[in-house]
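*Asks:* So here's upload28.pdb, just PDB, C-alpha atoms, pLDDT in the B column:
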```pdb
ATOM      1  CA  GLY A   1      -3.181  15.184  15.611  1.00 83.00           C
ATOM      2  CA  GLU A   2       0.243  13.609  15.528  1.00 88.00           C
ATOM      3  CA  ASN A   3       3.328  15.768  15.982  1.00 93.00           C
ATOM      4  CA  VAL A   4       6.816  14.474  15.242  1.00 97.00           C
ATOM      5  CA  GLU A   5       9.915  16.259  16.529  1.00 97.00           C
ATOM      6  CA  GLN A   6      13.331  15.442  15.055  1.00 98.00           C
ATOM      7  CA  HIS A   7      16.845  16.340  16.212  1.00 97.00           C
ATOM      8  CA  PRO A   8      19.371  17.453  15.245  1.00 98.00           C
ATOM      9  CA  SER A   9      18.511  19.484  12.164  1.00 97.00           C
ATOM     10  CA  THR A  10      22.098  19.187  10.925  1.00 98.00           C
ATOM     11  CA  LEU A  11      24.681  16.541  11.734  1.00 98.00           C
ATOM     12  CA  SER A  12      28.262  16.266  10.588  1.00 98.00           C
ATOM     13  CA  VAL A  13      30.250  13.112  11.290  1.00 98.00           C
ATOM     14  CA  GLN A  14      33.630  11.849  10.225  1.00 98.00           C
ATOM     15  CA  GLU A  15      33.547   9.065   7.662  1.00 98.00           C
ATOM     16  CA  GLY A  16      33.564   5.745   9.478  1.00 98.00           C
ATOM     17  CA  ASP A  17      31.984   7.146  12.635  1.00 98.00           C
ATOM     18  CA  SER A  18      28.392   6.580  13.736  1.00 98.00           C
ATOM     19  CA  ALA A  19      25.453   8.929  13.316  1.00 98.00           C
ATOM     20  CA  VAL A  20      22.385   9.048  15.535  1.00 98.00           C
ATOM     21  CA  ILE A  21      19.152  10.888  14.808  1.00 98.00           C
ATOM     22  CA  LYS A  22      16.419  11.109  17.408  1.00 98.00           C
ATOM     23  CA  CYS A  23      12.675  11.634  17.117  1.00 98.00           C
ATOM     24  CA  THR A  24       9.710  11.891  19.421  1.00 98.00           C
ATOM     25  CA  TYR A  25       6.039  11.555  18.630  1.00 97.00           C
ATOM     26  CA  SER A  26       2.935  12.683  20.441  1.00 95.00           C
ATOM     27  CA  ASP A  27       0.143  10.248  19.618  1.00 93.00           C
ATOM     28  CA  SER A  28       0.299   6.932  21.427  1.00 92.00           C
ATOM     29  CA  ALA A  29      -1.996   5.477  18.739  1.00 91.00           C
ATOM     30  CA  SER A  30       0.760   5.713  16.114  1.00 93.00           C
ATOM     31  CA  ASN A  31       2.023   2.222  15.400  1.00 92.00           C
ATOM     32  CA  TYR A  32       4.382   2.403  12.455  1.00 94.00           C
ATOM     33  CA  PHE A  33       7.589   4.421  12.259  1.00 96.00           C
ATOM     34  CA  PRO A  34       9.424   4.620   8.928  1.00 96.00           C
ATOM     35  CA  TRP A  35      12.684   6.395   8.227  1.00 97.00           C
ATOM     36  CA  TYR A  36      13.343   7.990   4.852  1.00 97.00           C
ATOM     37  CA  LYS A  37      16.444   9.205   3.069  1.00 97.00           C
ATOM     38  CA  GLN A  38      15.971  11.974   0.561  1.00 96.00           C
ATOM     39  CA  GLU A  39      18.532  13.266  -1.886  1.00 93.00           C
ATOM     40  CA  LEU A  40      18.096  16.677  -3.436  1.00 88.00           C
ATOM     41  CA  GLY A  41      15.150  16.853  -5.807  1.00 87.00           C
ATOM     42  CA  LYS A  42      14.278  13.196  -5.432  1.00 92.00           C
ATOM     43  CA  ARG A  43      11.603  11.132  -3.767  1.00 94.00           C
ATOM     44  CA  PRO A  44      12.024   9.966  -0.178  1.00 94.00           C
ATOM     45  CA  GLN A  45      13.396   6.442  -0.018  1.00 94.00           C
ATOM     46  CA  LEU A  46      12.399   4.119   2.782  1.00 94.00           C
ATOM     47  CA  ILE A  47      15.558   2.887   4.489  1.00 97.00           C
ATOM     48  CA  ILE A  48      14.154   1.103   7.518  1.00 97.00           C
ATOM     49  CA  ASP A  49      10.927   0.925   9.481  1.00 95.00           C
ATOM     50  CA  ILE A  50       9.728  -0.372  12.799  1.00 95.00           C
ATOM     51  CA  ARG A  51       6.342  -1.309  14.147  1.00 92.00           C
ATOM     52  CA  SER A  52       5.144  -0.608  17.642  1.00 86.00           C
ATOM     53  CA  ASN A  53       5.338  -4.235  18.751  1.00 87.00           C
ATOM     54  CA  VAL A  54       9.109  -4.278  18.240  1.00 85.00           C
ATOM     55  CA  GLY A  55      11.779  -2.438  20.207  1.00 92.00           C
ATOM     56  CA  GLU A  56      14.697  -2.657  17.819  1.00 96.00           C
ATOM     57  CA  LYS A  57      15.412  -3.543  14.215  1.00 95.00           C
ATOM     58  CA  LYS A  58      18.679  -3.750  12.320  1.00 97.00           C
ATOM     59  CA  ASP A  59      19.566  -3.929   8.652  1.00 95.00           C
ATOM     60  CA  GLN A  60      23.298  -4.033   7.987  1.00 96.00           C
ATOM     61  CA  ARG A  61      24.699  -0.618   9.017  1.00 97.00           C
ATOM     62  CA  ILE A  62      21.314   0.838   9.908  1.00 98.00           C
ATOM     63  CA  ALA A  63      19.355   0.240  13.084  1.00 98.00           C
ATOM     64  CA  VAL A  64      16.271   1.756  14.610  1.00 98.00           C
ATOM     65  CA  THR A  65      15.124   1.655  18.227  1.00 97.00           C
ATOM     66  CA  LEU A  66      11.687   2.422  19.589  1.00 97.00           C
ATOM     67  CA  ASN A  67      10.655   3.281  23.141  1.00 96.00           C
ATOM     68  CA  LYS A  68       6.862   3.281  23.168  1.00 93.00           C
ATOM     69  CA  THR A  69       6.577   4.381  26.755  1.00 94.00           C
ATOM     70  CA  ALA A  70       8.652   7.482  26.176  1.00 95.00           C
ATOM     71  CA  LYS A  71       7.424   7.912  22.589  1.00 96.00           C
ATOM     72  CA  HIS A  72      11.006   8.080  21.344  1.00 96.00           C
ATOM     73  CA  PHE A  73      12.585   6.425  18.337  1.00 97.00           C
ATOM     74  CA  SER A  74      16.071   6.733  16.931  1.00 98.00           C
ATOM     75  CA  LEU A  75      18.054   5.949  13.801  1.00 98.00           C
ATOM     76  CA  HIS A  76      21.615   4.691  14.102  1.00 98.00           C
ATOM     77  CA  ILE A  77      23.974   4.534  11.146  1.00 98.00           C
ATOM     78  CA  THR A  78      27.314   2.860  11.787  1.00 98.00           C
ATOM     79  CA  GLU A  79      30.514   2.989   9.735  1.00 98.00           C
ATOM     80  CA  THR A  80      29.232   5.982   7.812  1.00 98.00           C
ATOM     81  CA  GLN A  81      30.198   6.380   4.175  1.00 97.00           C
ATOM     82  CA  PRO A  82      30.148   9.398   1.813  1.00 96.00           C
ATOM     83  CA  GLU A  83      26.998   8.086   0.130  1.00 96.00           C
ATOM     84  CA  ASP A  84      25.171   8.368   3.441  1.00 97.00           C
ATOM     85  CA  SER A  85      25.169  12.156   3.023  1.00 97.00           C
ATOM     86  CA  ALA A  86      21.518  13.175   2.524  1.00 97.00           C
ATOM     87  CA  VAL A  87      18.499  14.442   4.399  1.00 97.00           C
ATOM     88  CA  TYR A  88      16.863  11.915   6.693  1.00 98.00           C
ATOM     89  CA  PHE A  89      13.257  12.090   7.844  1.00 97.00           C
ATOM     90  CA  CYS A  90      11.619  10.163  10.635  1.00 98.00           C
ATOM     91  CA  ALA A  91       7.880   9.689  10.524  1.00 96.00           C
ATOM     92  CA  ALA A  92       4.974   8.324  12.466  1.00 95.00           C
ATOM     93  CA  THR A  93       1.762   7.056  11.010  1.00 90.00           C
ATOM     94  CA  GLN A  94      -1.861   7.342  11.966  1.00 74.00           C
ATOM     95  CA  ASP A  95      -4.464   5.747   9.726  1.00 73.00           C
ATOM     96  CA  ASP A  96      -1.918   5.415   6.906  1.00 80.00           C
ATOM     97  CA  LYS A  97      -1.187   9.151   6.897  1.00 85.00           C
ATOM     98  CA  ILE A  98       2.539   9.747   7.284  1.00 90.00           C
ATOM     99  CA  ILE A  99       3.492  12.634   9.538  1.00 93.00           C
ATOM    100  CA  PHE A 100       7.114  13.603   8.964  1.00 95.00           C
ATOM    101  CA  GLY A 101       9.683  15.138  11.247  1.00 97.00           C
ATOM    102  CA  LYS A 102      11.460  18.253  10.007  1.00 97.00           C
ATOM    103  CA  GLY A 103      14.459  16.330   8.757  1.00 97.00           C
ATOM    104  CA  THR A 104      18.165  16.006   9.540  1.00 98.00           C
ATOM    105  CA  ARG A 105      20.794  17.009   7.024  1.00 97.00           C
ATOM    106  CA  LEU A 106      23.642  14.521   7.448  1.00 98.00           C
ATOM    107  CA  HIS A 107      27.099  15.454   6.200  1.00 97.00           C
ATOM    108  CA  ILE A 108      29.775  12.777   6.078  1.00 97.00           C
ATOM    109  CA  LEU A 109      33.171  14.426   6.337  1.00 96.00           C
ATOM    110  CA  PRO A 110      36.194  12.884   4.541  1.00 92.00           C
TER     111      PRO A 110
ATOM    112  CA  GLY B   1       6.528  -4.176  -7.412  1.00 72.00           C
ATOM    113  CA  ALA B   2       4.513  -1.321  -5.843  1.00 83.00           C
ATOM    114  CA  VAL B   3       5.501   1.394  -8.298  1.00 92.00           C
ATOM    115  CA  VAL B   4       3.959   4.856  -8.122  1.00 95.00           C
ATOM    116  CA  SER B   5       4.311   7.073 -11.166  1.00 95.00           C
ATOM    117  CA  GLN B   6       3.851  10.835 -11.083  1.00 97.00           C
ATOM    118  CA  HIS B   7       3.538  13.176 -14.030  1.00 97.00           C
ATOM    119  CA  PRO B   8       4.736  15.695 -14.972  1.00 97.00           C
ATOM    120  CA  SER B   9       8.072  15.864 -13.216  1.00 96.00           C
ATOM    121  CA  TRP B  10       8.542  19.586 -13.854  1.00 96.00           C
ATOM    122  CA  VAL B  11       6.100  22.364 -14.678  1.00 96.00           C
ATOM    123  CA  ILE B  12       6.790  26.029 -15.309  1.00 96.00           C
ATOM    124  CA  CYS B  13       3.794  28.237 -15.978  1.00 94.00           C
ATOM    125  CA  LYS B  14       2.446  31.723 -15.655  1.00 96.00           C
ATOM    126  CA  SER B  15       0.606  33.051 -12.661  1.00 96.00           C
ATOM    127  CA  GLY B  16      -3.133  32.392 -12.883  1.00 96.00           C
ATOM    128  CA  THR B  17      -2.762  29.115 -14.734  1.00 95.00           C
ATOM    129  CA  SER B  18      -4.241  25.869 -13.421  1.00 97.00           C
ATOM    130  CA  VAL B  19      -1.914  22.891 -13.301  1.00 97.00           C
ATOM    131  CA  LYS B  20      -2.871  19.229 -13.098  1.00 97.00           C
ATOM    132  CA  ILE B  21      -0.565  16.611 -11.592  1.00 98.00           C
ATOM    133  CA  GLU B  22      -1.213  12.894 -11.988  1.00 97.00           C
ATOM    134  CA  CYS B  23      -0.357  10.097  -9.595  1.00 97.00           C
ATOM    135  CA  ARG B  24      -0.704   6.527 -10.813  1.00 96.00           C
ATOM    136  CA  SER B  25      -0.210   3.204  -9.106  1.00 95.00           C
ATOM    137  CA  LEU B  26       1.254   1.067 -11.882  1.00 95.00           C
ATOM    138  CA  ASP B  27       1.054  -2.451 -10.511  1.00 92.00           C
ATOM    139  CA  PHE B  28      -1.491  -2.299  -7.728  1.00 94.00           C
ATOM    140  CA  GLN B  29      -4.818  -0.759  -6.882  1.00 93.00           C
ATOM    141  CA  ALA B  30      -5.030   2.025  -4.345  1.00 92.00           C
ATOM    142  CA  THR B  31      -8.275   3.131  -2.770  1.00 91.00           C
ATOM    143  CA  THR B  32      -6.312   5.780  -0.909  1.00 93.00           C
ATOM    144  CA  MET B  33      -3.498   8.017  -2.075  1.00 95.00           C
ATOM    145  CA  PHE B  34      -1.814  10.891  -0.296  1.00 96.00           C
ATOM    146  CA  TRP B  35      -0.591  14.246  -1.537  1.00 97.00           C
ATOM    147  CA  TYR B  36       2.323  16.093   0.062  1.00 97.00           C
ATOM    148  CA  ARG B  37       3.988  19.436  -0.538  1.00 97.00           C
ATOM    149  CA  GLN B  38       7.628  20.186   0.185  1.00 96.00           C
ATOM    150  CA  PHE B  39       9.109  23.682   0.149  1.00 95.00           C
ATOM    151  CA  PRO B  40      12.902  24.043  -0.291  1.00 92.00           C
ATOM    152  CA  LYS B  41      14.886  22.788   2.676  1.00 91.00           C
ATOM    153  CA  GLN B  42      11.718  21.850   4.523  1.00 94.00           C
ATOM    154  CA  SER B  43       9.908  18.656   5.364  1.00 95.00           C
ATOM    155  CA  LEU B  44       7.074  16.976   3.513  1.00 95.00           C
ATOM    156  CA  MET B  45       3.725  18.304   4.659  1.00 95.00           C
ATOM    157  CA  LEU B  46       0.606  16.238   4.140  1.00 94.00           C
ATOM    158  CA  MET B  47      -1.950  18.172   2.130  1.00 96.00           C
ATOM    159  CA  ALA B  48      -4.789  15.726   1.661  1.00 96.00           C
ATOM    160  CA  THR B  49      -5.950  12.155   1.516  1.00 94.00           C
ATOM    161  CA  SER B  50      -7.379  11.148  -1.845  1.00 94.00           C
ATOM    162  CA  ASN B  51     -10.198   8.606  -1.588  1.00 91.00           C
ATOM    163  CA  GLU B  52     -11.333   6.603  -4.595  1.00 91.00           C
ATOM    164  CA  GLY B  53     -14.938   7.338  -5.424  1.00 88.00           C
ATOM    165  CA  SER B  54     -15.444   9.938  -2.719  1.00 90.00           C
ATOM    166  CA  LYS B  55     -14.305  13.368  -1.618  1.00 92.00           C
ATOM    167  CA  ALA B  56     -10.759  13.994  -0.565  1.00 94.00           C
ATOM    168  CA  THR B  57      -9.956  14.766   3.046  1.00 94.00           C
ATOM    169  CA  TYR B  58      -7.895  17.916   3.448  1.00 96.00           C
ATOM    170  CA  GLU B  59      -5.494  18.755   6.246  1.00 94.00           C
ATOM    171  CA  GLN B  60      -6.040  21.853   8.295  1.00 93.00           C
ATOM    172  CA  GLY B  61      -5.000  24.989   6.468  1.00 94.00           C
ATOM    173  CA  VAL B  62      -5.142  23.469   2.976  1.00 96.00           C
ATOM    174  CA  GLU B  63      -7.699  25.150   0.729  1.00 94.00           C
ATOM    175  CA  LYS B  64      -9.868  22.523  -0.933  1.00 93.00           C
ATOM    176  CA  ASP B  65     -11.017  24.950  -3.625  1.00 95.00           C
ATOM    177  CA  LYS B  66      -7.410  25.777  -4.431  1.00 96.00           C
ATOM    178  CA  PHE B  67      -6.133  22.215  -4.558  1.00 97.00           C
ATOM    179  CA  LEU B  68      -8.689  20.054  -6.324  1.00 97.00           C
ATOM    180  CA  ILE B  69      -8.269  16.315  -5.928  1.00 96.00           C
ATOM    181  CA  ASN B  70      -9.959  13.703  -8.038  1.00 94.00           C
ATOM    182  CA  HIS B  71      -9.590   9.959  -7.509  1.00 92.00           C
ATOM    183  CA  ALA B  72     -11.846   8.518 -10.176  1.00 84.00           C
ATOM    184  CA  SER B  73     -10.203   5.121 -10.497  1.00 92.00           C
ATOM    185  CA  LEU B  74      -8.280   2.684  -8.336  1.00 93.00           C
ATOM    186  CA  THR B  75      -5.016   3.578 -10.041  1.00 95.00           C
ATOM    187  CA  LEU B  76      -5.196   7.320 -10.610  1.00 96.00           C
ATOM    188  CA  SER B  77      -5.440  10.396  -8.446  1.00 97.00           C
ATOM    189  CA  THR B  78      -5.039  13.919  -9.774  1.00 97.00           C
ATOM    190  CA  LEU B  79      -4.166  17.135  -7.991  1.00 98.00           C
ATOM    191  CA  THR B  80      -5.102  20.375  -9.733  1.00 97.00           C
ATOM    192  CA  VAL B  81      -3.581  23.583  -8.464  1.00 97.00           C
ATOM    193  CA  THR B  82      -6.108  26.178  -9.552  1.00 97.00           C
ATOM    194  CA  SER B  83      -5.160  29.757 -10.423  1.00 96.00           C
ATOM    195  CA  ALA B  84      -1.593  29.103  -9.345  1.00 95.00           C
ATOM    196  CA  HIS B  85       0.502  31.936  -7.933  1.00 95.00           C
ATOM    197  CA  PRO B  86       4.216  32.165  -7.161  1.00 96.00           C
ATOM    198  CA  GLU B  87       3.632  31.131  -3.533  1.00 95.00           C
ATOM    199  CA  ASP B  88       2.286  27.804  -4.828  1.00 96.00           C
ATOM    200  CA  SER B  89       5.696  27.007  -6.272  1.00 97.00           C
ATOM    201  CA  SER B  90       6.836  23.871  -4.522  1.00 96.00           C
ATOM    202  CA  PHE B  91       7.646  20.175  -4.845  1.00 97.00           C
ATOM    203  CA  TYR B  92       4.431  18.148  -4.884  1.00 98.00           C
ATOM    204  CA  ILE B  93       4.644  14.424  -4.249  1.00 97.00           C
ATOM    205  CA  CYS B  94       2.111  11.636  -3.933  1.00 97.00           C
ATOM    206  CA  SER B  95       2.184   8.283  -2.183  1.00 95.00           C
ATOM    207  CA  ALA B  96       0.166   5.093  -2.289  1.00 94.00           C
ATOM    208  CA  SER B  97       0.413   1.548  -1.036  1.00 90.00           C
ATOM    209  CA  PRO B  98      -1.153  -1.812  -1.865  1.00 87.00           C
ATOM    210  CA  SER B  99      -1.334  -2.652   1.814  1.00 82.00           C
ATOM    211  CA  SER B 100      -1.394   0.396   4.083  1.00 76.00           C
ATOM    212  CA  GLN B 101       2.334   0.460   4.848  1.00 82.00           C
ATOM    213  CA  PRO B 102       4.914   1.099   3.707  1.00 88.00           C
ATOM    214  CA  GLN B 103       3.823   3.943   1.446  1.00 90.00           C
ATOM    215  CA  HIS B 104       5.488   4.242  -1.940  1.00 92.00           C
ATOM    216  CA  PHE B 105       6.244   7.678  -3.298  1.00 94.00           C
ATOM    217  CA  GLY B 106       6.073   9.060  -6.792  1.00 96.00           C
ATOM    218  CA  ASP B 107       9.059  10.940  -8.187  1.00 95.00           C
ATOM    219  CA  GLY B 108       7.436  14.257  -7.374  1.00 96.00           C
ATOM    220  CA  THR B 109       6.503  17.287  -9.464  1.00 97.00           C
ATOM    221  CA  ARG B 110       8.466  20.486  -9.252  1.00 97.00           C
ATOM    222  CA  LEU B 111       6.044  23.347  -9.863  1.00 97.00           C
ATOM    223  CA  SER B 112       7.392  26.804 -10.665  1.00 97.00           C
ATOM    224  CA  ILE B 113       4.942  29.667 -11.102  1.00 96.00           C
ATOM    225  CA  LEU B 114       6.300  32.769 -12.779  1.00 94.00           C
TER     226      LEU B 114
END
```
Show me the file's structure as structure tokens.

*Replies:*
Amino acid sequence: GENVEQHPSTLSVQEGDSAVIKCTYSDSASNYFPWYKQELGKRPQLIIDIRSNVGEKKDQRIAVTLNKTAKHFSLHITETQPEDSAVYFCAATQDDKIIFGKGTRLHILP
Amino acid sequence: GAVVSQHPSWVICKSGTSVKIECRSLDFQATTMFWYRQFPKQSLMLMATSNEGSKATYEQGVEKDKFLINHASLTLSTLTVTSAHPEDSSFYICSASPSSQPQHFGDGTRLSIL
């Protein structure tokens, strides 16, 4: 089955700087890669997604890149703000089942 | 649109009790729903795929007799944790989608077994 690795597990960045979270997946059949933000005790919120026929996607301060050959995908957050502090999960999907990475706890430092 | 409602949001009960959690798609029909479990400071782990009108498909290591899933209608799936014990305490969350992706999550149920 699919296996998703995510790094780093914790990331601290100065407010205004950029944050990058990296993931790898194992199953070349996976074709949809969502990223979720989860605040404590709440549901995961989809923040951006990318399909396997696209290499890059951007939505304001958030961008995602996908390298199908290497089975890598990354989340980039620019101009970080205090409200970006949360846990972020990457995921890969097979047959609609979402397989999550272990998560990255992002701290935005004042 | 694409709202998924989950109930209850919080359950505290004694060891040995069975607990039922409901997942409803409010404005769409879902032939498939998914159930996840999340322990503190960990990721969401897929437990099972709930299939309307047929048996659920369980992930490896998930006891089907412990976690009963019923998907009797196109808008409702239920997860029953039978004879719950303290190690079953966790955050349980469901997802569904009107069109495969993206999945929409319920608010989750925090289960505490005393």

*Asks:* Please provide the set of residues having any atom within 10 Å of Ala29 in chain A, restricted to only C-alpha atoms, with same-chain residues fewer than 5 positions apart removed, written as a ChimeraX atom specification.

*Replies:* /A:2,52,92-95

*Asks:* Against chain A, which residues of chain B fall within 6 Å? For each one I want the closest pair of atoms and the distance in Å (one decimal), counting all atoms listed in the file, rows by chain and increasing residue number, as JSON lines.

*Replies:*
```
{"residue": "B:Ser43", "atom": "CA", "partner": "A:Lys102", "partner_atom": "CA", "distance": 4.9}
{"residue": "B:Ser100", "atom": "CA", "partner": "A:Asp96", "partner_atom": "CA", "distance": 5.8}
{"residue": "B:Asp107", "atom": "CA", "partner": "A:Arg43", "partner_atom": "CA", "distance": 5.1}
```

*Asks:* So, counting all atoms listed in the file, which residue among A:Ser30, A:Asn67, A:Ser74, A:Thr80 is closest to Gln6 in chain A?

*Replies:*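 Of all the options, A:Ser74 lies closest to Gln6 in chain A.
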
*Asks:* Which residue out of B:Gln103, B:His85, B:Tyr58, B:Ser77 has the minimum interatomic distance to Gln6 in chain B when only C-alpha atoms are used?

*Replies:* B:Ser77

*Asks:* With only C-alpha atoms as the atoms that count, which of A:His107, A:Lys71, A:Arg51, A:Lys37 lies nearest to Ala19 in chain A?

*Replies:* A:His107

*Asks:* Taking the file as I've supplied it (selection: the PyMOL selection byres ((chain B and resi 8-16) around 7)), which residues are included? Please answer as a ChimeraX atom specification.

*Replies:* /B:6-7,17-18,21,83-86,108-114

*Asks:* Selected by the PyMOL selection byres ((chain B and resi 78) around 12) in the shown coordinates: which residues, as a ChimeraX atom specification?

*Replies:* /B:5-8,19-25,33-35,48-52,56,67-77,79-81,92-95

*Asks:* Just the selected residues (C-alpha atoms), exported as an mmCIF file, in the frame of the given file, please.

*Replies:*
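Result file follows (again.cif):
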```cif
data_model
loop_
_atom_site.group_PDB
_atom_site.id
_atom_site.type_symbol
_atom_site.label_atom_id
_atom_site.label_comp_id
_atom_site.auth_asym_id
_atom_site.auth_seq_id
_atom_site.Cartn_x
_atom_site.Cartn_y
_atom_site.Cartn_z
ATOM 1 C CA SER B 5 4.311 7.073 -11.166
ATOM 2 C CA GLN B 6 3.851 10.835 -11.083
ATOM 3 C CA HIS B 7 3.538 13.176 -14.030
ATOM 4 C CA PRO B 8 4.736 15.695 -14.972
ATOM 5 C CA VAL B 19 -1.914 22.891 -13.301
ATOM 6 C CA LYS B 20 -2.871 19.229 -13.098
ATOM 7 C CA ILE B 21 -0.565 16.611 -11.592
ATOM 8 C CA GLU B 22 -1.213 12.894 -11.988
ATOM 9 C CA CYS B 23 -0.357 10.097 -9.595
ATOM 10 C CA ARG B 24 -0.704 6.527 -10.813
ATOM 11 C CA SER B 25 -0.210 3.204 -9.106
ATOM 12 C CA MET B 33 -3.498 8.017 -2.075
ATOM 13 C CA PHE B 34 -1.814 10.891 -0.296
ATOM 14 C CA TRP B 35 -0.591 14.246 -1.537
ATOM 15 C CA ALA B 48 -4.789 15.726 1.661
ATOM 16 C CA THR B 49 -5.950 12.155 1.516
ATOM 17 C CA SER B 50 -7.379 11.148 -1.845
ATOM 18 C CA ASN B 51 -10.198 8.606 -1.588
ATOM 19 C CA GLU B 52 -11.333 6.603 -4.595
ATOM 20 C CA ALA B 56 -10.759 13.994 -0.565
ATOM 21 C CA PHE B 67 -6.133 22.215 -4.558
ATOM 22 C CA LEU B 68 -8.689 20.054 -6.324
ATOM 23 C CA ILE B 69 -8.269 16.315 -5.928
ATOM 24 C CA ASN B 70 -9.959 13.703 -8.038
ATOM 25 C CA HIS B 71 -9.590 9.959 -7.509
ATOM 26 C CA ALA B 72 -11.846 8.518 -10.176
ATOM 27 C CA SER B 73 -10.203 5.121 -10.497
ATOM 28 C CA LEU B 74 -8.280 2.684 -8.336
ATOM 29 C CA THR B 75 -5.016 3.578 -10.041
ATOM 30 C CA LEU B 76 -5.196 7.320 -10.610
ATOM 31 C CA SER B 77 -5.440 10.396 -8.446
ATOM 32 C CA LEU B 79 -4.166 17.135 -7.991
ATOM 33 C CA THR B 80 -5.102 20.375 -9.733
ATOM 34 C CA VAL B 81 -3.581 23.583 -8.464
ATOM 35 C CA TYR B 92 4.431 18.148 -4.884
ATOM 36 C CA ILE B 93 4.644 14.424 -4.249
ATOM 37 C CA CYS B 94 2.111 11.636 -3.933
ATOM 38 C CA SER B 95 2.184 8.283 -2.183
#
```

*Asks:* Show which residues sit within 9 Å of Glu56 in chain A, as a PyMOL selection string. Count only C-alpha atoms, and ignore same-chain residues fewer than 4 positions away.

*Replies:* chain A and resi 50+63-67

*Asks:* First collect every listed atom of range 8-19 of chain B; then fit an axis-aligned box around them, widen it by 4 Å on each side, and give centre and edge lengths in Å to one decimal, as lines of an AutoDock Vina configuration file.

*Replies:*
```
center_x = 2.2
center_y = 24.4
center_z = -14.3
size_x = 20.8
size_y = 25.4
size_z = 11.3
```

*Asks:* Work out how far CA of Tyr25 in chain A is from CA of Thr78 in chain A, in Å to one decimal.

*Replies:*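 According to the coordinates, CA of Thr78 in chain A and CA of Tyr25 in chain A are separated by 24.0 Å.
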
*Asks:* I'd like to know which of B:Gln101, B:Gly53, B:Asp88, B:Ala96 is closest to Gln38 in chain B, using all atoms listed in the file.

*Replies:*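 Once distances to Gln38 in chain B are computed over all atoms listed in the file, the minimum belongs to B:Asp88.
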